[in-house]
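Engineer: I'm passing along query25.tsv; it holds TSV, C-alpha atoms.
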chain	number	residue	atom	x	y	z
A	103	MET	CA	37.45	-103.55	-47.48
A	104	LEU	CA	36.95	-101.37	-50.55
A	105	TYR	CA	37.10	-97.59	-50.81
A	106	ALA	CA	35.11	-95.45	-53.22
A	107	GLN	CA	35.36	-91.91	-54.46
A	108	VAL	CA	31.84	-90.50	-54.53
A	109	VAL	CA	30.50	-87.42	-56.34
A	110	LEU	CA	27.80	-85.46	-54.51
A	111	PRO	CA	25.43	-82.92	-56.17
A	112	LEU	CA	27.28	-80.04	-54.53
A	113	ALA	CA	29.96	-77.54	-55.51
A	114	GLN	CA	32.45	-79.76	-53.70
A	115	PRO	CA	35.29	-82.12	-54.62
A	116	MET	CA	34.84	-85.89	-54.47
A	117	TYR	CA	34.87	-87.57	-51.07
A	118	THR	CA	36.08	-91.05	-50.12
A	119	PHE	CA	33.84	-93.55	-48.34
A	120	SER	CA	34.39	-97.12	-47.22
A	121	VAL	CA	32.41	-99.83	-49.02
A	122	ASP	CA	31.05	-103.07	-47.63
A	123	GLU	CA	31.55	-105.62	-50.43
A	124	ALA	CA	28.19	-107.20	-49.56
A	125	LEU	CA	26.42	-104.11	-50.97
A	126	GLY	CA	27.57	-105.02	-54.49
A	127	VAL	CA	28.42	-101.40	-55.28
A	128	GLY	CA	30.01	-100.67	-58.67
A	129	ILE	CA	31.25	-97.67	-60.62
A	130	GLY	CA	28.37	-95.48	-61.80
A	131	ASP	CA	25.98	-96.65	-59.08
A	132	ALA	CA	23.81	-94.27	-57.08
A	133	VAL	CA	24.47	-94.71	-53.36
A	134	VAL	CA	23.36	-93.15	-50.07
A	135	VAL	CA	26.03	-91.49	-47.94
A	136	GLN	CA	25.99	-89.34	-44.83
A	137	PHE	CA	27.61	-85.95	-45.40
A	138	GLY	CA	28.19	-83.84	-42.33
A	139	SER	CA	26.43	-84.60	-39.06
A	140	SER	CA	22.80	-84.54	-40.15
A	141	ARG	CA	22.42	-84.80	-43.92
A	142	TYR	CA	22.07	-87.77	-46.25
A	143	TYR	CA	22.77	-87.45	-49.97
A	144	THR	CA	22.60	-89.52	-53.11
A	145	GLY	CA	26.07	-89.78	-54.61
A	146	ILE	CA	27.56	-91.42	-57.69
A	147	VAL	CA	30.42	-93.89	-57.26
A	148	TRP	CA	33.22	-92.56	-59.44
A	149	SER	CA	35.99	-95.04	-58.72
A	150	ILE	CA	36.73	-97.95	-56.39
A	151	THR	CA	40.07	-99.05	-54.95
A	152	THR	CA	41.41	-101.50	-52.38
A	153	GLN	CA	44.07	-99.06	-51.22
A	154	LYS	CA	43.07	-97.37	-47.97
A	155	PRO	CA	43.44	-93.57	-48.04
A	156	GLU	CA	45.48	-91.86	-45.36
A	157	TYR	CA	42.47	-90.58	-43.43
A	158	PRO	CA	41.91	-91.26	-39.72
A	159	ARG	CA	38.24	-92.21	-40.19
A	160	LEU	CA	35.97	-92.87	-43.16
A	161	LYS	CA	32.19	-92.93	-43.24
A	162	PRO	CA	30.65	-95.95	-44.99
A	163	ILE	CA	28.37	-96.08	-48.01
A	164	LEU	CA	24.99	-96.89	-46.47
A	165	LYS	CA	22.86	-98.15	-49.36
A	166	ARG	CA	22.86	-98.85	-53.07
A	167	LEU	CA	19.78	-97.13	-54.52
A	168	TYR	CA	19.07	-98.78	-57.89
A	169	THR	CA	19.84	-102.13	-59.50
A	170	THR	CA	21.13	-100.38	-62.65
A	171	PRO	CA	24.06	-97.91	-62.65
A	172	LEU	CA	22.90	-94.37	-63.40
A	173	LEU	CA	26.09	-93.48	-65.24
A	174	THR	CA	27.95	-95.08	-68.14
A	175	PRO	CA	31.74	-94.79	-68.51
A	176	GLU	CA	31.12	-92.44	-71.45
A	177	ALA	CA	28.90	-90.22	-69.30
A	178	GLN	CA	31.64	-90.08	-66.68
A	179	ARG	CA	34.07	-88.85	-69.29
A	180	LEU	CA	31.53	-86.27	-70.47
A	181	TRP	CA	31.09	-84.96	-66.93
A	182	GLU	CA	34.85	-84.76	-66.45
A	183	TRP	CA	35.29	-82.90	-69.72
A	184	MET	CA	32.51	-80.46	-68.89
A	185	ALA	CA	33.93	-79.78	-65.42
A	186	ASP	CA	37.34	-79.06	-66.94
A	187	TYR	CA	36.22	-77.12	-70.03
A	188	TYR	CA	33.55	-75.03	-68.32
A	189	MET	CA	35.53	-74.60	-65.08
A	190	CYS	CA	33.22	-76.07	-62.46
A	191	SER	CA	33.13	-79.10	-60.16
A	192	ILE	CA	31.87	-82.53	-61.23
A	193	GLY	CA	29.31	-82.19	-58.43
A	194	GLU	CA	27.84	-79.15	-60.19
A	195	VAL	CA	27.57	-81.17	-63.41
A	196	MET	CA	25.81	-83.94	-61.45
A	197	ARG	CA	23.38	-81.45	-59.93
A	198	LEU	CA	22.41	-80.37	-63.44
A	199	ALA	CA	22.55	-83.74	-65.21
A	200	LEU	CA	20.47	-86.03	-62.98
A	201	PRO	CA	16.71	-85.56	-62.48
A	202	SER	CA	15.89	-84.31	-59.01
A	203	LEU	CA	13.95	-87.42	-57.94
A	204	ALA	CA	16.80	-89.71	-59.05
A	205	LYS	CA	19.14	-88.06	-56.52
A	206	PRO	CA	17.06	-87.53	-53.36
A	207	SER	CA	18.51	-86.04	-50.18
A	208	ALA	CA	17.06	-85.84	-46.67
A	209	THR	CA	17.87	-85.23	-43.03
A	210	THR	CA	17.33	-88.87	-42.07
A	211	LEU	CA	18.10	-92.12	-43.85
A	212	ASP	CA	14.47	-93.28	-43.61
A	213	ASP	CA	13.24	-90.08	-45.27
A	214	LEU	CA	15.70	-90.47	-48.11
A	215	MET	CA	14.69	-94.06	-48.78
A	216	GLU	CA	11.03	-93.01	-48.88
A	217	ARG	CA	11.87	-90.39	-51.51
A	218	ARG	CA	13.64	-92.90	-53.72
A	219	LEU	CA	12.30	-93.01	-57.23
A	220	GLU	CA	10.17	-96.05	-58.05
A	221	PRO	CA	9.62	-97.56	-61.51
A	222	ARG	CA	6.79	-96.11	-63.54
A	223	ARG	CA	3.69	-98.24	-64.02
A	224	GLU	CA	1.65	-97.66	-67.14
A	225	ARG	CA	-1.78	-98.89	-68.26
A	226	TYR	CA	-1.83	-101.32	-71.20
A	227	ILE	CA	-4.98	-102.31	-73.10
A	228	ALA	CA	-5.74	-105.39	-75.24
A	229	LEU	CA	-8.71	-107.07	-76.86
A	230	ALA	CA	-10.36	-109.63	-74.62
A	231	GLU	CA	-9.16	-113.17	-75.25
A	232	PRO	CA	-12.31	-114.34	-77.14
A	233	LEU	CA	-11.85	-111.52	-79.72
A	234	ARG	CA	-8.21	-112.08	-80.57
A	235	SER	CA	-8.69	-114.52	-83.43
A	236	SER	CA	-9.54	-112.98	-86.82
A	237	GLU	CA	-12.70	-115.07	-87.18
A	238	ALA	CA	-14.09	-114.15	-83.75
A	239	PHE	CA	-13.22	-110.47	-84.24
A	240	GLU	CA	-14.98	-110.23	-87.61
A	241	ALA	CA	-18.02	-112.05	-86.25
A	242	TYR	CA	-18.25	-109.56	-83.37
A	243	VAL	CA	-17.87	-106.64	-85.80
A	244	GLN	CA	-20.72	-107.90	-87.99
A	245	ALA	CA	-22.97	-108.40	-84.98
A	246	HIS	CA	-22.35	-104.96	-83.44
A	247	ALA	CA	-21.32	-102.64	-86.27
A	248	LYS	CA	-24.68	-100.87	-86.49
A	249	ARG	CA	-25.50	-100.73	-82.77
A	250	ALA	CA	-22.04	-99.74	-81.49
A	251	PRO	CA	-19.94	-98.15	-84.28
A	252	GLN	CA	-17.70	-96.20	-81.86
A	253	ARG	CA	-16.90	-99.36	-79.89
A	254	ILE	CA	-16.02	-101.19	-83.09
A	255	ALA	CA	-13.80	-98.30	-84.21
A	256	THR	CA	-11.95	-98.42	-80.88
A	257	LEU	CA	-11.47	-102.18	-81.11
A	258	ARG	CA	-10.07	-101.80	-84.63
A	259	MET	CA	-7.73	-99.06	-83.37
A	260	ILE	CA	-6.39	-101.29	-80.58
A	261	ARG	CA	-5.89	-104.22	-82.96
A	262	ASP	CA	-4.18	-102.04	-85.60
A	263	ILE	CA	-1.79	-100.47	-83.07
A	264	ALA	CA	-0.91	-103.91	-81.67
A	265	GLN	CA	-0.18	-105.21	-85.18
A	266	ARG	CA	1.93	-102.18	-86.05
A	267	ARG	CA	3.90	-102.51	-82.82
A	268	LYS	CA	4.26	-106.29	-83.35
A	269	ALA	CA	2.87	-106.83	-79.86
A	270	THR	CA	2.55	-110.61	-79.74
A	271	ASP	CA	0.35	-110.47	-76.62
A	272	GLY	CA	-1.91	-107.80	-78.14
A	273	PHE	CA	-1.34	-105.20	-75.41
A	274	VAL	CA	-0.72	-101.55	-76.32
A	275	PRO	CA	-0.07	-98.50	-74.10
A	276	ARG	CA	-3.23	-96.64	-73.07
A	277	ARG	CA	-1.66	-93.32	-74.12
A	278	ARG	CA	-1.61	-94.55	-77.74
A	279	ILE	CA	-5.39	-95.08	-77.81
A	280	SER	CA	-7.04	-91.77	-78.68
A	281	VAL	CA	-10.43	-92.28	-77.01
A	282	ASP	CA	-11.83	-90.92	-73.77
A	283	ALA	CA	-11.71	-92.75	-70.45
A	284	ALA	CA	-15.51	-93.20	-70.28
A	285	ARG	CA	-15.60	-95.24	-73.48
A	286	LEU	CA	-12.77	-97.49	-72.34
A	287	LYS	CA	-14.45	-97.99	-68.96
A	288	GLU	CA	-17.65	-99.03	-70.71
A	289	MET	CA	-15.72	-101.51	-72.87
A	290	LEU	CA	-13.99	-102.92	-69.79
A	291	ASN	CA	-17.38	-103.40	-68.13
A	292	LYS	CA	-18.66	-105.22	-71.23
A	293	GLU	CA	-15.50	-107.39	-71.12
A	294	VAL	CA	-14.51	-106.74	-74.73
A	295	ILE	CA	-11.12	-105.37	-73.64
A	296	VAL	CA	-8.77	-106.06	-70.72
A	297	GLU	CA	-6.12	-103.91	-69.05
A	298	GLU	CA	-2.89	-104.40	-67.12
A	299	LEU	CA	-0.50	-102.19	-65.17
A	300	ARG	CA	3.04	-102.75	-66.36
A	301	CYS	CA	6.40	-101.47	-65.22
A	302	THR	CA	8.03	-99.44	-68.00
A	303	THR	CA	11.58	-99.07	-66.65
A	304	LEU	CA	12.96	-101.70	-69.00
A	305	GLY	CA	13.51	-100.97	-72.66
A	306	THR	CA	11.75	-103.80	-74.47
A	307	HIS	CA	10.95	-102.28	-77.84
A	308	ASN	CA	10.18	-104.20	-80.99
A	309	ILE	CA	12.12	-102.57	-83.83
A	310	ASP	CA	10.12	-102.44	-87.05
A	311	ASP	CA	12.50	-102.13	-90.00
A	312	GLU	CA	9.69	-101.00	-92.31
A	313	PHE	CA	8.99	-97.51	-91.04
A	314	LEU	CA	6.59	-95.42	-93.13
A	315	LEU	CA	9.18	-92.87	-94.22
A	316	PRO	CA	8.50	-89.90	-96.49
A	317	THR	CA	9.60	-90.07	-100.11
A	318	LEU	CA	12.56	-87.78	-100.74
A	319	SER	CA	12.74	-85.28	-103.58
A	320	PRO	CA	15.83	-85.40	-105.83
A	321	ALA	CA	17.38	-82.48	-103.89
A	322	GLN	CA	16.72	-84.20	-100.56
A	323	GLN	CA	18.15	-87.46	-101.88
A	324	ARG	CA	21.35	-85.68	-102.94
A	325	ALA	CA	21.61	-84.04	-99.52
A	326	LEU	CA	21.10	-87.40	-97.79
A	327	GLU	CA	23.81	-89.03	-99.92
A	328	ALA	CA	26.22	-86.18	-99.17
A	329	THR	CA	25.41	-86.51	-95.47
A	330	HIS	CA	26.08	-90.25	-95.60
A	331	GLN	CA	29.44	-89.65	-97.25
A	332	THR	CA	30.43	-87.14	-94.57
A	333	LEU	CA	29.32	-89.40	-91.73
A	334	ASP	CA	31.15	-92.38	-93.23
A	335	GLU	CA	34.31	-90.25	-93.15
A	336	GLY	CA	33.82	-89.71	-89.41
A	337	ARG	CA	33.08	-85.99	-89.70
A	338	VAL	CA	30.24	-83.88	-88.36
A	339	ALA	CA	27.68	-83.10	-91.09
A	340	LEU	CA	26.22	-79.60	-91.34
A	341	LEU	CA	22.84	-79.73	-93.10
A	342	HIS	CA	22.01	-76.22	-94.30
A	343	GLY	CA	18.48	-75.69	-95.58
A	344	VAL	CA	15.96	-72.90	-95.30
A	345	THR	CA	12.81	-73.44	-93.25
A	346	GLY	CA	10.43	-75.74	-95.11
A	347	SER	CA	13.12	-77.20	-97.37
A	348	GLY	CA	12.70	-80.71	-95.94
A	349	LYS	CA	15.52	-81.23	-93.44
A	350	THR	CA	13.16	-83.22	-91.20
A	351	ALA	CA	12.61	-85.87	-93.88
A	352	ILE	CA	16.38	-86.39	-94.08
A	353	TYR	CA	16.52	-86.68	-90.28
A	354	GLU	CA	13.81	-89.34	-90.41
A	355	HIS	CA	15.72	-91.49	-92.89
A	356	LEU	CA	18.89	-91.24	-90.79
A	357	ILE	CA	16.95	-92.05	-87.62
A	358	ALA	CA	15.33	-95.12	-89.21
A	359	GLU	CA	18.72	-96.46	-90.32
A	360	THR	CA	20.11	-96.09	-86.80
A	361	LEU	CA	17.11	-97.58	-84.99
A	362	THR	CA	16.98	-100.64	-87.23
A	363	SER	CA	20.62	-101.32	-86.32
A	364	GLY	CA	19.55	-101.46	-82.65
A	365	ARG	CA	21.29	-98.23	-81.65
A	366	ASP	CA	19.91	-95.11	-80.01
A	367	VAL	CA	19.23	-91.67	-81.49
A	368	LEU	CA	19.35	-88.34	-79.67
A	369	LEU	CA	17.55	-85.48	-81.41
A	370	LEU	CA	18.09	-82.15	-79.69
A	371	VAL	CA	15.70	-79.28	-80.35
A	372	PRO	CA	15.84	-75.69	-79.01
A	373	GLU	CA	12.40	-75.63	-77.39
A	374	ILE	CA	9.73	-78.31	-77.12
A	375	VAL	CA	6.87	-75.80	-77.49
A	376	ILE	CA	7.86	-74.73	-81.00
A	377	THR	CA	8.66	-78.28	-82.13
A	378	SER	CA	5.40	-80.00	-81.11
A	379	GLN	CA	4.56	-80.69	-84.77
A	380	LEU	CA	7.97	-82.31	-85.27
A	381	ILE	CA	7.39	-84.56	-82.25
A	382	GLU	CA	3.92	-85.58	-83.47
A	383	ARG	CA	5.38	-86.41	-86.86
A	384	LEU	CA	8.15	-88.54	-85.36
A	385	GLU	CA	5.68	-90.35	-83.09
A	386	ARG	CA	3.53	-91.24	-86.12
A	387	ILE	CA	6.53	-92.86	-87.80
A	388	PHE	CA	8.47	-94.34	-84.86
A	389	ASP	CA	5.59	-94.82	-82.40
A	390	SER	CA	6.72	-96.29	-79.04
A	391	LEU	CA	10.40	-95.85	-79.85
A	392	THR	CA	9.98	-92.08	-79.33
A	393	THR	CA	10.64	-90.53	-75.92
A	394	THR	CA	10.39	-86.80	-75.19
A	395	TYR	CA	12.39	-85.14	-72.43
A	396	HIS	CA	12.05	-81.53	-71.35
A	397	SER	CA	11.34	-79.24	-68.40
A	398	ARG	CA	7.55	-79.33	-68.87
A	399	LEU	CA	7.45	-82.96	-67.78
A	400	THR	CA	6.80	-83.56	-64.11
A	401	PRO	CA	9.85	-84.36	-61.94
A	402	LEU	CA	8.43	-87.86	-61.48
A	403	ARG	CA	8.14	-88.43	-65.25
A	404	ARG	CA	11.67	-87.15	-65.86
A	405	GLY	CA	13.09	-89.41	-63.19
A	406	GLN	CA	11.21	-92.47	-64.41
A	407	THR	CA	12.31	-91.77	-67.98
A	408	TYR	CA	15.93	-91.63	-66.82
A	409	LEU	CA	15.65	-94.98	-65.02
A	410	ARG	CA	13.92	-96.64	-67.99
A	411	LEU	CA	16.62	-95.52	-70.41
A	412	ALA	CA	19.35	-96.64	-68.00
A	413	ALA	CA	17.97	-100.19	-68.32
A	414	SER	CA	17.19	-100.04	-72.06
A	415	THR	CA	18.62	-102.56	-74.47
A	416	GLY	CA	18.80	-100.05	-77.35
A	417	GLY	CA	16.64	-98.78	-80.19
A	418	GLU	CA	15.55	-95.56	-78.45
A	419	LEU	CA	14.69	-92.25	-80.12
A	420	VAL	CA	14.94	-89.40	-77.60
A	421	VAL	CA	13.69	-85.95	-78.59
A	422	GLY	CA	14.57	-83.28	-76.07
A	423	VAL	CA	16.07	-79.95	-75.15
A	424	ARG	CA	19.70	-79.52	-74.14
A	425	SER	CA	19.29	-81.40	-70.82
A	426	ALA	CA	18.45	-84.57	-72.78
A	427	LEU	CA	22.13	-85.02	-73.64
A	428	PHE	CA	22.64	-86.27	-70.06
A	429	LEU	CA	20.21	-89.19	-70.47
A	430	PRO	CA	21.82	-92.66	-70.22
A	431	LEU	CA	21.63	-93.76	-73.87
A	432	ARG	CA	24.02	-96.69	-73.67
A	433	HIS	CA	23.90	-97.55	-77.39
A	434	LEU	CA	24.14	-94.08	-78.91
A	435	GLY	CA	24.54	-94.22	-82.68
A	436	LEU	CA	23.33	-90.84	-83.97
A	437	VAL	CA	23.08	-87.31	-82.57
A	438	ILE	CA	21.08	-84.65	-84.43
A	439	VAL	CA	21.10	-81.02	-83.26
A	440	ASP	CA	18.25	-79.22	-84.99
A	441	GLU	CA	18.52	-75.41	-85.34
A	442	GLU	CA	22.06	-75.75	-84.04
A	443	HIS	CA	22.56	-71.97	-84.06
A	444	ASP	CA	19.83	-71.34	-81.48
A	445	ALA	CA	20.83	-69.54	-78.26
A	446	SER	CA	18.58	-71.89	-76.24
A	447	TYR	CA	21.34	-74.51	-76.36
A	448	LYS	CA	23.43	-72.32	-74.05
A	449	GLN	CA	23.00	-72.73	-70.29
A	450	SER	CA	23.44	-69.31	-68.73
A	451	GLU	CA	21.82	-69.48	-65.27
A	452	ARG	CA	24.30	-71.36	-63.07
A	453	PRO	CA	27.33	-73.63	-63.51
A	454	PRO	CA	28.11	-75.43	-65.63
A	455	LEU	CA	27.59	-72.65	-68.19
A	456	TYR	CA	27.72	-74.93	-71.20
A	457	ASN	CA	26.75	-75.07	-74.87
A	458	GLY	CA	24.51	-78.07	-75.47
A	459	ARG	CA	25.47	-78.33	-79.13
A	460	ASP	CA	29.19	-78.59	-78.36
A	461	CYS	CA	28.61	-81.06	-75.52
A	462	ALA	CA	26.45	-83.18	-77.84
A	463	ILE	CA	29.27	-83.35	-80.37
A	464	TYR	CA	31.73	-84.41	-77.67
A	465	LEU	CA	29.25	-87.00	-76.33
A	466	ALA	CA	28.88	-88.50	-79.80
A	467	HIS	CA	32.67	-88.66	-80.09
A	468	LEU	CA	32.83	-90.69	-76.86
A	469	TYR	CA	30.33	-93.26	-78.19
A	470	GLY	CA	31.67	-93.30	-81.74
A	471	ALA	CA	28.28	-91.97	-82.87
A	472	ARG	CA	27.49	-89.89	-85.97
A	473	VAL	CA	26.57	-86.20	-85.71
A	474	VAL	CA	24.30	-84.05	-87.87
A	475	LEU	CA	23.84	-80.33	-87.27
A	476	GLY	CA	20.83	-78.79	-89.00
A	477	SER	CA	19.97	-75.13	-89.49
A	478	ALA	CA	18.42	-72.59	-91.83
A	479	THR	CA	20.96	-70.04	-90.54
A	480	PRO	CA	24.06	-71.90	-89.29
A	481	SER	CA	26.15	-70.41	-86.51
A	482	MET	CA	29.38	-68.74	-87.56
A	483	GLU	CA	31.44	-71.44	-85.80
A	484	SER	CA	29.72	-74.32	-87.59
A	485	TYR	CA	29.76	-72.56	-90.94
A	486	ALA	CA	33.48	-71.80	-90.58
A	487	ASN	CA	34.14	-75.45	-89.68
A	488	ALA	CA	32.24	-76.49	-92.83
A	489	LEU	CA	34.15	-74.06	-95.07
A	490	SER	CA	37.49	-75.25	-93.67
A	491	GLY	CA	36.60	-78.91	-94.29
A	492	LYS	CA	36.48	-79.90	-90.61
A	493	TYR	CA	32.73	-80.52	-91.02
A	494	GLY	CA	31.00	-81.86	-94.09
A	495	TYR	CA	28.51	-79.51	-95.73
In structure tokens, how does this file's structure come out?
Structural biologist:
Amino acid sequence: MLYAQVVLPLAQPMYTFSVDEALGVGIGDAVVVQFGSSRYYTGIVWSITTQKPEYPRLKPILKRLYTTPLLTPEAQRLWEWMADYYMCSIGEVMRLALPSLAKPSATTLDDLMERRLEPRRERYIALAEPLRSSEAFEAYVQAHAKRAPQRIATLRMIRDIAQRRKATDGFVPRRRISVDAARLKEMLNKEVIVEELRCTTLGTHNIDDEFLLPTLSPAQQRALEATHQTLDEGRVALLHGVTGSGKTAIYEHLIAETLTSGRDVLLLVPEIVITSQLIERLERIFDSLTTTYHSRLTPLRRGQTYLRLAASTGGELVVGVRSALFLPLRHLGLVIVDEEHDASYKQSERPPLYNGRDCAIYLAHLYGARVVLGSATPSMESYANALSGKYGY
């Protein structure tokens, strides 16, 4: 018999439960446990031992929820550090860090299992099989260009996106095709395109090492070289530039370098609303590698995003607000905190009362990732660290 310490999303210490080895439970897994007489919770397995605790009776772990652990060892260390530094319980960190639908609770076990988060299914579109060869496609274009120019434009768009994404089967996500549903329905009825529903929990990106990056000015090139030197020395880099000076272009070059190495990038922004243009710009360059994460997403979308990233094989670009630092990026290589001085990075409503910028720096340290702080008006702490030589400038 095994015994596990389990964290619950409550302002409580860890509790010990017995584990049936047949469940295949491991550290970081989400599990179902009964807490009290009439409540079932999702907990995270924190540690497992064969040594029986000195308790008269232990409740068992009832179910393992997901095939992939929700927490990495680095995330465990982050939670522990946050609980210690910001003086709260690990359960309070869990309550904040995990999406609500990834940690369901209920009054009965059947209710909880019904609330369990399921993988997201997304529509994918491709040219019909007879149109996939270059010769057949061009022949169709010549025959229908005058009678159906919008249909031809949509077909070209689908083919171009598939080529850019290096989709060998020709399928591209519906959300990448900027036409209305009526036109696609008509094309499906005419059998010039086909569609599939696909599960998107797994990270199966094709990394294109020829991103269309902006050309840097001499000043930007010097700043990028100085940033590289600082990062190579293992220090945090503070990138100080007034609004409109081109910090984003430097970010994009750093992001491209990290993604082509197969590692993940976390770009934190103060508020999604005021950075919509930044997100659109990144999506144009990095396409399907870009994932946004913020409070305006539905609970279902946030939960499905968490599960997909937990199973990803790397090469992810996540753009999000401070809560995005809790996402399971298992191959983190670069953390960028844009407008690092902004007060929005501070959580002030309920524990843990944390600073997202500082937690992001500690998270990067755990993964051995590089850190860039960007601002037009750096915070006093970051500026002092740069002047003292602790950060590069």
Engineer: Given all atoms listed in the file as the basis, pick out the residue of A:Tyr188, A:Phe428, A:Tyr142, A:Tyr495 nearest to Pro453 of chain A.
Structural biologist: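 The shortest atom-to-atom distance to Pro453 of chain A comes from A:Tyr188.
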Engineer: Have a look at A:Glu297, A:Glu182, A:Glu220, A:Glu373 and name the one nearest to Ala445 of chain A; count all atoms listed in the file.
Structural biologist: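 Residue with the minimum atom-to-atom distance to Ala445 of chain A: A:Glu373.
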Engineer: Would you mind listing, for every residue of segment 382-459 of chain A within 10 Å of segment 202-213 of chain A, the two atoms forming the shortest contact and the distance between them in Å to one decimal, using all atoms listed in the file, sorted by chain and ascending residue number, as JSON lines?
Structural biologist:
{"residue": "A:Pro401", "atom": "CA", "partner": "A:Leu203", "partner_atom": "CA", "distance": 6.5}
{"residue": "A:Leu402", "atom": "CA", "partner": "A:Leu203", "partner_atom": "CA", "distance": 6.6}
{"residue": "A:Arg403", "atom": "CA", "partner": "A:Leu203", "partner_atom": "CA", "distance": 9.4}
{"residue": "A:Arg404", "atom": "CA", "partner": "A:Leu203", "partner_atom": "CA", "distance": 8.2}
{"residue": "A:Gly405", "atom": "CA", "partner": "A:Ala204", "partner_atom": "CA", "distance": 5.6}
{"residue": "A:Gln406", "atom": "CA", "partner": "A:Ala204", "partner_atom": "CA", "distance": 8.2}
{"residue": "A:Tyr408", "atom": "CA", "partner": "A:Ala204", "partner_atom": "CA", "distance": 8.1}
{"residue": "A:Leu409", "atom": "CA", "partner": "A:Ala204", "partner_atom": "CA", "distance": 8.0}
Engineer: Tell me which protein, DNA and RNA residues are within 8 Å of Ala478 of chain A, counting all atoms listed in the file, leaving out same-chain ones fewer than 2 positions away, and put them as a VMD selection string.
Structural biologist: chain A and resid 342 to 345 441 476 480
Engineer: Which is closest to Arg410 of chain A among A:Ala177, A:Leu219, A:Met184, A:Ala264, if we use all atoms listed in the file?
Structural biologist: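 Selected residue with least distance to Arg410 of chain A: A:Leu219.
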Engineer: Taking all atoms listed in the file into account, name the residue in A:Ile163, A:Val195, A:Leu489, A:Val147 that is nearest to Ala113 of chain A.
Structural biologist: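 For Ala113 of chain A, the nearest of the given residues is A:Val195.
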Engineer: I'd like to know which of A:Glu354, A:Glu298, A:Glu288, A:Glu335 is closest to Leu315 of chain A, using only C-alpha atoms.
Structural biologist: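 Going through A:Glu354, A:Glu298, A:Glu288, A:Glu335 one by one, the smallest distance to Leu315 of chain A is for A:Glu354.
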Engineer: Given all atoms listed in the file as the basis, pick out the residue of A:Val423, A:Leu333, A:Ala351, A:Leu318 nearest to Ala471 of chain A.
Structural biologist: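 Of A:Val423, A:Leu333, A:Ala351, A:Leu318, the one nearest Ala471 of chain A, counting all atoms listed in the file, is A:Leu333.
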Engineer: What is the atom CA of Gly416 of chain A-atom CA of Thr360 of chain A distance in Å, reported with one decimal?
Structural biologist: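 Going from atom CA of Gly416 of chain A over to atom CA of Thr360 of chain A, I get 10.3 Å.
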Engineer: Expressed in Å to a single decimal, how great is the separation between atom CA of Arg432 of chain A and atom CA of Ala325 of chain A?
Structural biologist: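 Separation between atom CA of Arg432 of chain A and atom CA of Ala325 of chain A: 28.9 Å.
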Engineer: Any idea what the distance is between atom CA of Met289 of chain A and atom CA of Ile254 of chain A?
Structural biologist: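 Pair atom CA of Met289 of chain A / atom CA of Ile254 of chain A returns 10.2 Å.
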Engineer: Reconstruct N, CA, C and O atoms of segment 344-352 of chain A from the incomplete input and present them as a CSV table (one decimal), in the coordinates of the input.
Structural biologist:
chain,number,residue,atom,x,y,z
A,344,VAL,N,16.9,-73.9,-95.8
A,344,VAL,CA,16.0,-72.9,-95.3
A,344,VAL,C,14.7,-73.6,-94.7
A,344,VAL,O,14.5,-74.8,-95.0
A,345,THR,N,14.0,-72.9,-93.9
A,345,THR,CA,12.8,-73.4,-93.2
A,345,THR,C,11.8,-73.9,-94.3
A,345,THR,O,11.5,-73.2,-95.3
A,346,GLY,N,11.4,-75.2,-94.1
A,346,GLY,CA,10.4,-75.7,-95.1
A,346,GLY,C,11.1,-76.5,-96.3
A,346,GLY,O,10.4,-77.0,-97.1
A,347,SER,N,12.4,-76.6,-96.3
A,347,SER,CA,13.1,-77.2,-97.4
A,347,SER,C,13.2,-78.7,-97.2
A,347,SER,O,13.6,-79.4,-98.2
A,348,GLY,N,12.8,-79.2,-96.1
A,348,GLY,CA,12.7,-80.7,-95.9
A,348,GLY,C,13.8,-81.4,-95.2
A,348,GLY,O,14.1,-82.5,-95.4
A,349,LYS,N,14.5,-80.6,-94.3
A,349,LYS,CA,15.5,-81.2,-93.4
A,349,LYS,C,15.0,-82.4,-92.6
A,349,LYS,O,15.7,-83.4,-92.4
A,350,THR,N,13.7,-82.2,-92.1
A,350,THR,CA,13.2,-83.2,-91.2
A,350,THR,C,13.1,-84.6,-91.9
A,350,THR,O,13.3,-85.6,-91.3
A,351,ALA,N,12.7,-84.6,-93.2
A,351,ALA,CA,12.6,-85.9,-93.9
A,351,ALA,C,14.0,-86.6,-93.9
A,351,ALA,O,14.0,-87.8,-93.8
A,352,ILE,N,15.0,-85.8,-94.1
A,352,ILE,CA,16.4,-86.4,-94.1
A,352,ILE,C,16.7,-86.9,-92.7
A,352,ILE,O,17.3,-88.0,-92.6
